[in-house]
Structures are given as C-alpha cells and as structure tokens.
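Trainee: For reference, the file final_2.cif (mmCIF, C-alpha atoms) is included below:
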```cif
data_start
#
loop_
_atom_site.label_atom_id
_atom_site.label_comp_id
_atom_site.auth_asym_id
_atom_site.auth_seq_id
_atom_site.Cartn_x
_atom_site.Cartn_y
_atom_site.Cartn_z
CA MET A 144 115.44 132.02 113.14
CA VAL A 145 112.49 131.12 115.34
CA THR A 146 111.02 127.85 114.12
CA LEU A 147 107.88 125.90 114.95
CA GLY A 148 109.87 123.78 117.41
CA HIS A 149 110.72 126.80 119.56
CA TYR A 150 107.06 127.63 120.03
CA LEU A 151 106.19 123.99 120.72
CA ILE A 152 108.90 123.64 123.37
CA VAL A 153 107.94 126.92 125.06
CA SER A 154 104.34 125.72 125.04
CA GLY A 155 105.42 122.37 126.52
CA ILE A 156 107.38 124.07 129.30
CA LEU A 157 104.38 126.28 130.14
CA PHE A 158 102.13 123.20 130.24
CA THR A 159 104.62 121.48 132.55
CA ILE A 160 104.69 124.48 134.90
CA GLY A 161 100.90 124.36 135.09
CA PHE A 162 100.93 120.60 135.63
CA ALA A 163 103.50 120.91 138.43
CA GLY A 164 101.32 123.61 139.97
CA VAL A 165 98.29 121.32 140.01
CA MET A 166 100.37 118.56 141.60
CA VAL A 167 102.20 120.67 144.20
CA ARG A 168 99.87 123.43 145.32
CA ARG A 169 97.25 122.72 147.99
CA ASN A 170 95.09 125.82 147.63
CA ILE A 171 92.12 125.45 145.27
CA ILE A 172 92.51 128.96 143.86
CA ASN A 173 96.16 128.31 142.98
CA ILE A 174 95.15 125.01 141.38
CA LEU A 175 92.62 126.88 139.21
CA MET A 176 95.35 129.33 138.16
CA ALA A 177 97.65 126.45 137.20
CA LEU A 178 94.78 124.96 135.13
CA GLU A 179 94.57 128.28 133.28
CA LEU A 180 98.29 128.05 132.52
CA MET A 181 97.80 124.58 131.02
CA LEU A 182 94.89 125.74 128.84
CA ASN A 183 96.98 128.65 127.59
CA ALA A 184 99.89 126.37 126.74
CA ALA A 185 97.53 124.35 124.53
CA ASN A 186 96.34 127.60 122.92
CA LEU A 187 99.92 128.63 122.13
CA SER A 188 100.71 125.39 120.31
CA LEU A 189 97.39 125.59 118.39
CA VAL A 190 98.17 129.11 117.19
CA ALA A 191 101.72 128.09 116.24
CA PHE A 192 100.36 125.23 114.11
CA SER A 193 97.79 127.62 112.60
CA ARG A 194 100.60 129.96 111.51
CA PHE A 195 102.66 127.02 110.23
CA HIS A 196 99.99 125.59 107.89
CA VAL A 197 99.74 128.37 105.31
CA ASP A 198 97.39 127.50 102.46
CA SER A 199 97.92 128.25 98.75
CA GLY A 200 96.33 131.70 99.12
CA GLY A 201 98.94 132.73 101.67
CA LEU A 202 96.55 132.70 104.64
CA PRO A 203 97.12 130.82 107.91
CA ASN A 204 94.79 127.99 108.86
CA PHE A 205 91.99 129.76 110.71
CA ASN A 206 90.34 126.57 111.97
CA ALA A 207 92.87 126.44 114.81
CA GLN A 208 92.23 130.06 115.73
CA VAL A 209 88.48 129.46 115.87
CA PHE A 210 89.24 126.48 118.12
CA VAL A 211 91.33 128.73 120.39
CA PHE A 212 88.40 131.15 120.53
CA PHE A 213 86.16 128.32 121.75
CA ILE A 214 88.75 127.21 124.31
CA ILE A 215 89.02 130.74 125.74
CA THR A 216 85.23 130.96 125.99
CA VAL A 217 84.88 127.61 127.74
CA ALA A 218 87.79 128.46 130.06
CA ALA A 219 86.06 131.68 131.09
CA ALA A 220 82.86 129.77 131.89
CA GLU A 221 84.87 127.11 133.76
CA VAL A 222 86.67 129.67 135.93
CA ALA A 223 83.41 131.43 136.79
CA VAL A 224 81.73 128.19 137.87
CA GLY A 225 84.88 126.96 139.66
CA LEU A 226 85.24 130.13 141.69
CA ALA A 227 81.54 130.06 142.56
CA ILE A 228 82.03 126.52 143.87
CA VAL A 229 85.07 127.70 145.87
CA VAL A 230 82.99 130.48 147.44
CA ALA A 231 80.19 128.03 148.32
CA LEU A 232 82.77 125.62 149.77
CA PHE A 233 84.43 128.38 151.80
CA ARG A 234 81.06 129.38 153.19
CA LEU A 235 80.49 125.77 154.29
CA ARG A 236 83.95 124.79 155.57
CA GLN A 237 85.94 128.02 156.06
CA THR A 238 88.89 126.62 154.09
CA THR A 239 90.21 126.45 150.53
CA ASN A 240 92.92 123.90 151.26
CA VAL A 241 92.39 120.58 149.50
CA GLU A 242 93.87 118.63 152.41
CA ASP A 243 91.09 119.83 154.69
CA ILE A 244 88.31 118.73 152.32
CA THR A 245 88.11 114.97 152.83
CA ALA A 246 84.37 114.29 152.68
CA LEU A 247 84.81 111.82 149.80
CA LYS A 248 87.88 110.11 151.27
CA PHE A 249 87.46 106.35 151.68
CA MET B 41 109.26 138.62 114.39
CA SER B 42 112.84 139.00 115.48
CA PRO B 43 114.27 136.16 117.59
CA PHE B 44 115.24 138.66 120.29
CA LEU B 45 111.62 139.68 120.92
CA PHE B 46 110.53 136.03 120.85
CA TRP B 47 113.00 135.16 123.60
CA VAL B 48 112.10 138.23 125.66
CA PHE B 49 108.40 137.39 125.64
CA ALA B 50 108.86 133.62 125.99
CA LEU B 51 111.19 133.97 128.97
CA THR B 52 108.91 136.57 130.59
CA MET B 53 105.97 134.25 130.16
CA LEU B 54 107.81 131.24 131.62
CA PHE B 55 109.37 133.22 134.48
CA PHE B 56 106.06 134.67 135.64
CA GLY B 57 104.32 131.35 134.99
CA ALA B 58 106.77 129.74 137.41
CA ALA B 59 106.19 132.62 139.84
CA VAL B 60 102.46 131.75 139.81
CA ILE B 61 103.12 128.37 141.39
CA ILE B 62 106.09 129.41 143.59
CA ASN B 63 104.53 132.43 145.33
CA ARG B 64 102.88 131.62 148.65
CA ASN B 65 100.69 134.72 148.56
CA PRO B 66 97.60 134.22 146.30
CA VAL B 67 97.49 137.91 145.32
CA ALA B 68 101.10 137.77 144.10
CA SER B 69 100.27 134.59 142.16
CA ALA B 70 97.33 136.27 140.45
CA LEU B 71 99.38 139.33 139.48
CA SER B 72 102.16 137.08 138.10
CA LEU B 73 99.47 135.31 136.07
CA VAL B 74 98.46 138.65 134.53
CA VAL B 75 102.03 139.35 133.39
CA SER B 76 102.37 135.80 132.04
CA PHE B 77 99.14 136.19 130.02
CA LEU B 78 100.23 139.56 128.61
CA ALA B 79 103.51 138.04 127.39
CA LEU B 80 101.53 135.14 125.90
CA ALA B 81 99.32 137.66 124.06
CA ALA B 82 102.51 139.18 122.62
CA LEU B 83 103.54 135.72 121.41
CA PHE B 84 100.12 135.28 119.74
CA ILE B 85 100.59 138.61 117.97
CA SER B 86 104.08 137.49 116.88
CA LEU B 87 102.32 134.59 115.13
CA ASN B 88 100.11 137.07 113.19
CA ALA B 89 97.07 136.07 115.29
CA TYR B 90 96.02 139.61 116.20
CA PHE B 91 92.42 138.76 117.09
CA ILE B 92 93.44 135.93 119.44
CA GLY B 93 96.06 138.15 121.07
CA ILE B 94 93.56 140.88 121.73
CA ILE B 95 90.86 138.62 123.15
CA GLN B 96 93.57 137.01 125.28
CA VAL B 97 94.23 140.43 126.85
CA LEU B 98 90.53 141.28 127.15
CA VAL B 99 89.23 137.97 128.47
CA TYR B 100 92.15 136.57 130.48
CA ALA B 101 94.15 139.60 131.64
CA GLY B 102 90.91 141.54 132.03
CA ALA B 103 87.86 139.54 133.03
CA ILE B 104 89.26 136.31 134.46
CA MET B 105 91.97 137.97 136.52
CA VAL B 106 89.52 140.47 138.01
CA LEU B 107 87.39 137.48 138.99
CA PHE B 108 90.38 135.74 140.63
CA LEU B 109 91.48 138.85 142.53
CA PHE B 110 87.91 139.55 143.60
CA ILE B 111 87.49 136.05 145.04
CA ILE B 112 90.93 136.11 146.74
CA MET B 113 90.13 139.40 148.43
CA LEU B 114 86.58 138.30 149.27
CA LEU B 115 87.78 135.14 151.01
CA ASP B 116 90.74 136.93 152.68
CA LEU B 117 93.17 134.06 152.18
CA ARG B 118 96.16 134.41 154.45
CA ALA B 119 96.44 131.01 156.13
CA GLU B 120 98.39 129.57 153.21
CA GLU B 121 101.51 131.51 154.16
CA LEU B 122 101.65 129.98 157.63
CA ARG B 123 101.16 126.39 156.54
CA ARG B 124 104.30 124.28 156.09
CA VAL B 125 105.15 122.73 152.73
CA ASN B 126 104.53 119.04 152.20
CA TRP B 127 107.96 118.18 150.77
CA ILE B 128 107.14 114.63 149.65
CA ALA B 129 104.15 115.77 147.58
CA SER B 130 106.18 118.66 146.13
CA ALA B 131 109.06 116.36 145.14
CA GLY B 132 106.61 113.92 143.54
CA GLY B 133 105.00 116.71 141.54
CA VAL B 134 108.35 118.05 140.36
CA VAL B 135 109.57 114.58 139.32
CA VAL B 136 106.42 113.87 137.29
CA ALA B 137 106.65 117.32 135.68
CA LEU B 138 110.31 116.75 134.78
CA ALA B 139 109.44 113.41 133.18
CA LEU B 140 106.73 115.16 131.16
CA ILE B 141 109.01 117.95 129.93
CA ILE B 142 111.75 115.47 128.95
CA GLN B 143 109.19 113.54 126.94
CA ILE B 144 107.82 116.68 125.22
CA VAL B 145 111.31 117.91 124.30
CA SER B 146 112.35 114.52 122.93
CA VAL B 147 109.17 114.21 120.82
CA VAL B 148 109.51 117.75 119.43
CA GLY B 149 113.23 117.20 118.79
CA ARG B 150 112.44 114.13 116.70
CA LEU B 151 109.67 115.90 114.75
CA GLY B 152 110.87 116.82 111.25
CA ILE B 153 108.57 119.81 110.70
CA ALA B 154 109.64 121.36 114.00
CA ARG B 155 112.93 122.50 112.42
CA GLN B 156 111.28 124.27 109.46
CA ASN B 157 110.76 128.02 109.37
CA PHE B 158 107.29 129.52 109.21
CA PRO B 159 106.22 130.00 105.57
CA PRO B 160 105.60 133.62 104.53
CA LEU B 161 102.07 135.01 104.49
CA ALA B 162 100.54 136.71 101.44
CA ARG B 163 99.73 139.86 103.42
CA PRO B 164 101.71 140.25 106.64
CA ALA B 165 99.02 142.41 108.30
CA SER B 166 96.18 140.20 107.19
CA ASP B 167 92.57 140.94 108.11
CA ASP B 168 92.28 137.98 110.44
CA VAL B 169 89.21 139.30 112.27
CA HIS B 170 87.33 139.21 108.96
CA GLN B 171 88.54 135.67 108.22
CA ILE B 172 87.77 134.33 111.71
CA GLY B 173 84.33 135.93 111.48
CA LEU B 174 83.67 134.13 108.21
CA PHE B 175 84.69 130.81 109.78
CA LEU B 176 82.76 131.45 112.99
CA PHE B 177 79.47 132.32 111.32
CA GLY B 178 79.94 129.90 108.40
CA ASN B 179 81.51 126.53 109.13
CA TYR B 180 81.28 126.84 112.91
CA ASN B 181 77.84 128.39 113.23
CA LEU B 182 76.32 125.58 115.31
CA PRO B 183 79.27 125.33 117.77
CA PHE B 184 79.16 129.11 118.08
CA GLN B 185 75.53 129.02 119.16
CA ILE B 186 76.18 126.10 121.50
CA ILE B 187 78.96 128.11 123.16
CA GLY B 188 76.42 130.85 123.76
CA VAL B 189 74.20 128.35 125.56
CA VAL B 190 77.23 127.19 127.59
CA ILE B 191 77.87 130.75 128.75
CA LEU B 192 74.20 131.19 129.65
CA VAL B 193 74.15 127.94 131.64
CA ALA B 194 77.38 128.93 133.42
CA THR B 195 75.90 132.31 134.35
CA ILE B 196 72.75 130.73 135.77
CA GLY B 197 74.84 128.13 137.59
CA VAL B 198 77.07 130.76 139.19
CA VAL B 199 74.03 132.71 140.39
CA MET B 200 72.51 129.55 141.84
CA LEU B 201 75.78 128.53 143.54
CA GLY B 202 76.42 131.99 144.95
CA ARG B 203 72.96 132.34 146.45
CA ARG B 204 72.77 131.97 150.22
CA GLN B 205 70.63 128.99 151.23
CA THR B 206 67.49 130.19 152.99
CA HIS B 207 65.65 127.15 154.23
#
```
Once you've parsed the file, please lay out its structure as structure tokens.
Mentor:
Amino acid sequence: MVTLGHYLIVSGILFTIGFAGVMVRRNIINILMALELMLNAANLSLVAFSRFHVDSGGLPNFNAQVFVFFIITVAAAEVAVGLAIVVALFRLRQTTNVEDITALKF
Amino acid sequence: MSPFLFWVFALTMLFFGAAVIINRNPVASALSLVVSFLALAALFISLNAYFIGIIQVLVYAGAIMVLFLFIIMLLDLRAEELRRVNWIASAGGVVVALALIIQIVSVVGRLGIARQNFPPLARPASDDVHQIGLFLFGNYNLPFQIIGVVILVATIGVVMLGRRQTH
C-alpha cells in the first residue's frame, strides 16, 4: 500500500533536487526553474496531508488545498516578475550568469 | 490508486526533475520541467485533488512554461553550454542536498502517522471544486481578494520592468 510516508519522502526528494539546483546552477533561468520545483514539492506534501486528514463527513481537509491554490497563484506572479527582471538585467549586462553579476559584491 | 501507478508517476517526476538541473541546455531543462509537472499533476489526482491537479496542468505546464520558453528563446541563451563547470561549488551543493535528504528521510521514518494508510473517503469522486469554492469565497474571502491585488501589482510591475527606458 502507498502510505503518507511515501508521498512525504517523494516530496522531500523533489525539494532536495530543487535545492541542489539552486546551489549548483549558475544561470538565473535555471535557478528560477529549481525554485519552481521546490514550491511544487511543498504543494505535494500539503495535498498529501489534506488527503490524510479526513473529517467525520468523509471529506478531505480542503484548507490545505485552498492554501495550494494560493501558492500556485503567488508562484505564477513570482515567475512573471522574476523573468521580467531577468530580461531587464540581460538588456543591461548581456548575461544571465550569476557569476558575472557582481555589482553588490563587497 | 494502485502502488504501481504511484511509483510510475513518482519516478517520472523525480527523473525529469533531476534532468531539469542536469541538462546544460535551458530549452531541454524547461521541457523536462513540463514532464515533471505533468507527473506531479497525476500524483495530485491520485490524492483525489482533481481541482489542484487540473490547475497544476493549466497554470504550470501551460502558462508558466510558455513564459519560460518564451524568455529562453528571446534571450537566445547558448553560452551556458560552453562554460566549464565549477566543480567545488557543485560538490558543495550536492553535499548540502544529501544532508537535507538524509534529515528528511530520518524525520519521516520516525513519524508514526507516516506509516498509516490513507483513510477512505465518503464519495471517491467527490465534488472538490464545489467544496474548494465554498472555502475560497467563505472562510478565505479576504485572502482571495488580496491575491487578486497581488496579481494586478505583478502585472503592472512586469509592464514597468519590461518597458525600454527612454530618457
């Protein structure tokens, strides 16, 4: 049988892949994609907990699913603004590599 | 849901999720991300969250991925493939990620409820769009309107950022 733990571990592995992507990759667009992976891992564990907490009427806990809805909405807004910043940065510096953007380096 | 389908979709999602960060070509990364999100939507549907699964396909695999591919093709990113890998930074990232996954697995392994099966639902094909709608316009009415303002502000911000400076 597939238990809650299976979903939580799959979600944890997906979060770790996204985290490793943010640490390893040097291209801003790839870093944004890895951030999306991390947000989706959090969504998966929220939906698994929603399905796990069934109330007395036999319905799952919909609070978590409403929360996932908000996370997806905010993630869409975040990606739109992030990619607009990347385009503005590329217009200014002709690069999307984080190692070339050192204006704030001490 | 049968365990076989769970493993098929979970392994697809993890394999293509790893392909996102391993591929050097940004277009290949973005297409791997689409496949990973579609498998994740299948996992949502396996948890009886039909509405979340469908908006996952519409918003992520549809809108967000089109945005990523559009920007990648607009900027014409090819220099990444020629650049050499910084092995010390990569090894550091992998070590920190391994520490994180070991910690997550040990915490979940010690969690008592993680070994329990999912309790049965009253109606397997429940009308979850109706229920989420009731929550969204009832308990969460104010956050729902605030999220609308967030989207509006993001739209205006993107237009302002994308405008060419003319001074």
Trainee: Name the residues that the PyMOL selection byres ((chain B and resi 82-86) around 8) picks from the file above, as an MDAnalysis selection string, using the file's chain letters and numbers.
Mentor: (chainID A and resid 187 190) or (chainID B and resid 41 46 49:50 78:81 87:90 92:93)
Trainee: I need the chosen residues saved as an mmCIF file, in the frame of the given file, with C-alpha atoms.
Mentor:
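Result written to out_0.cif:
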```cif
data_model
loop_
_atom_site.group_PDB
_atom_site.id
_atom_site.type_symbol
_atom_site.label_atom_id
_atom_site.label_comp_id
_atom_site.auth_asym_id
_atom_site.auth_seq_id
_atom_site.Cartn_x
_atom_site.Cartn_y
_atom_site.Cartn_z
ATOM 1 C CA LEU A 187 99.920 128.630 122.130
ATOM 2 C CA VAL A 190 98.170 129.110 117.190
ATOM 3 C CA MET B 41 109.260 138.620 114.390
ATOM 4 C CA PHE B 46 110.530 136.030 120.850
ATOM 5 C CA PHE B 49 108.400 137.390 125.640
ATOM 6 C CA ALA B 50 108.860 133.620 125.990
ATOM 7 C CA LEU B 78 100.230 139.560 128.610
ATOM 8 C CA ALA B 79 103.510 138.040 127.390
ATOM 9 C CA LEU B 80 101.530 135.140 125.900
ATOM 10 C CA ALA B 81 99.320 137.660 124.060
ATOM 11 C CA LEU B 87 102.320 134.590 115.130
ATOM 12 C CA ASN B 88 100.110 137.070 113.190
ATOM 13 C CA ALA B 89 97.070 136.070 115.290
ATOM 14 C CA TYR B 90 96.020 139.610 116.200
ATOM 15 C CA ILE B 92 93.440 135.930 119.440
ATOM 16 C CA GLY B 93 96.060 138.150 121.070
#
```
Trainee: Would you mind telling me which residue in B:Val169, B:Val145, B:Thr52, B:Ala70 lies nearest to Ile174 (chain A) when using only C-alpha atoms?
Mentor: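 Selected residue with least distance to Ile174 (chain A): B:Ala70.
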Trainee: Using the chain letters and numbers from this file, what does the PyMOL selection byres ((chain B and resi 156) around 10) select? Give the answer as a PyMOL selection string.
Mentor: (chain A and resi 144-148+195) or (chain B and resi 152-155+157-159)
Trainee: Could you list, as a ChimeraX atom specification, every residue within 12 Å of Met113 (chain B), counting all atoms listed in the file and ignoring same-chain residues fewer than 6 positions away?
Mentor: /A:172,230 /B:65-68,70,106-107
Trainee: Which protein, DNA or RNA residues are at most 6 Å from (101.8, 128.7, 128.5) in the file's coordinates when you count all atoms listed in the file, listed as a list in words?
Mentor: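 So the residues meeting the distance criterion are Ser154, Leu157, Phe158, Leu180, Asn183 and Ala184 of chain A.
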Trainee: Carefully work through the PyMOL selection byres ((chain A) within 8 of (chain B)) for this structure and note down the residues it includes, as an MDAnalysis selection string.
Mentor: chainID A and resid 144:149 151:153 155:157 159:164 166:168 170 172:173 176:177 180 187 190:191 194:197 200:203 205:206 208:209 211:213 215:217 219:224 226:228 230:231 233
Trainee: Enter the distance from CA of Asn204 (chain A) to CA of Phe192 (chain A), in Å, rounded to one decimal.
Mentor: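 The value is 8.1 Å.
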Trainee: One decimal, in Å: what's the spacing between CA of Phe56 (chain B) and CA of Leu71 (chain B)?
Mentor: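 Between CA of Phe56 (chain B) and CA of Leu71 (chain B) the gap is 9.0 Å.
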Trainee: What gap, in Å, lies between CA of Val241 (chain A) and CA of Ala218 (chain A)?
Mentor: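 Taking CA of Val241 (chain A) and CA of Ala218 (chain A), their separation equals 21.5 Å.
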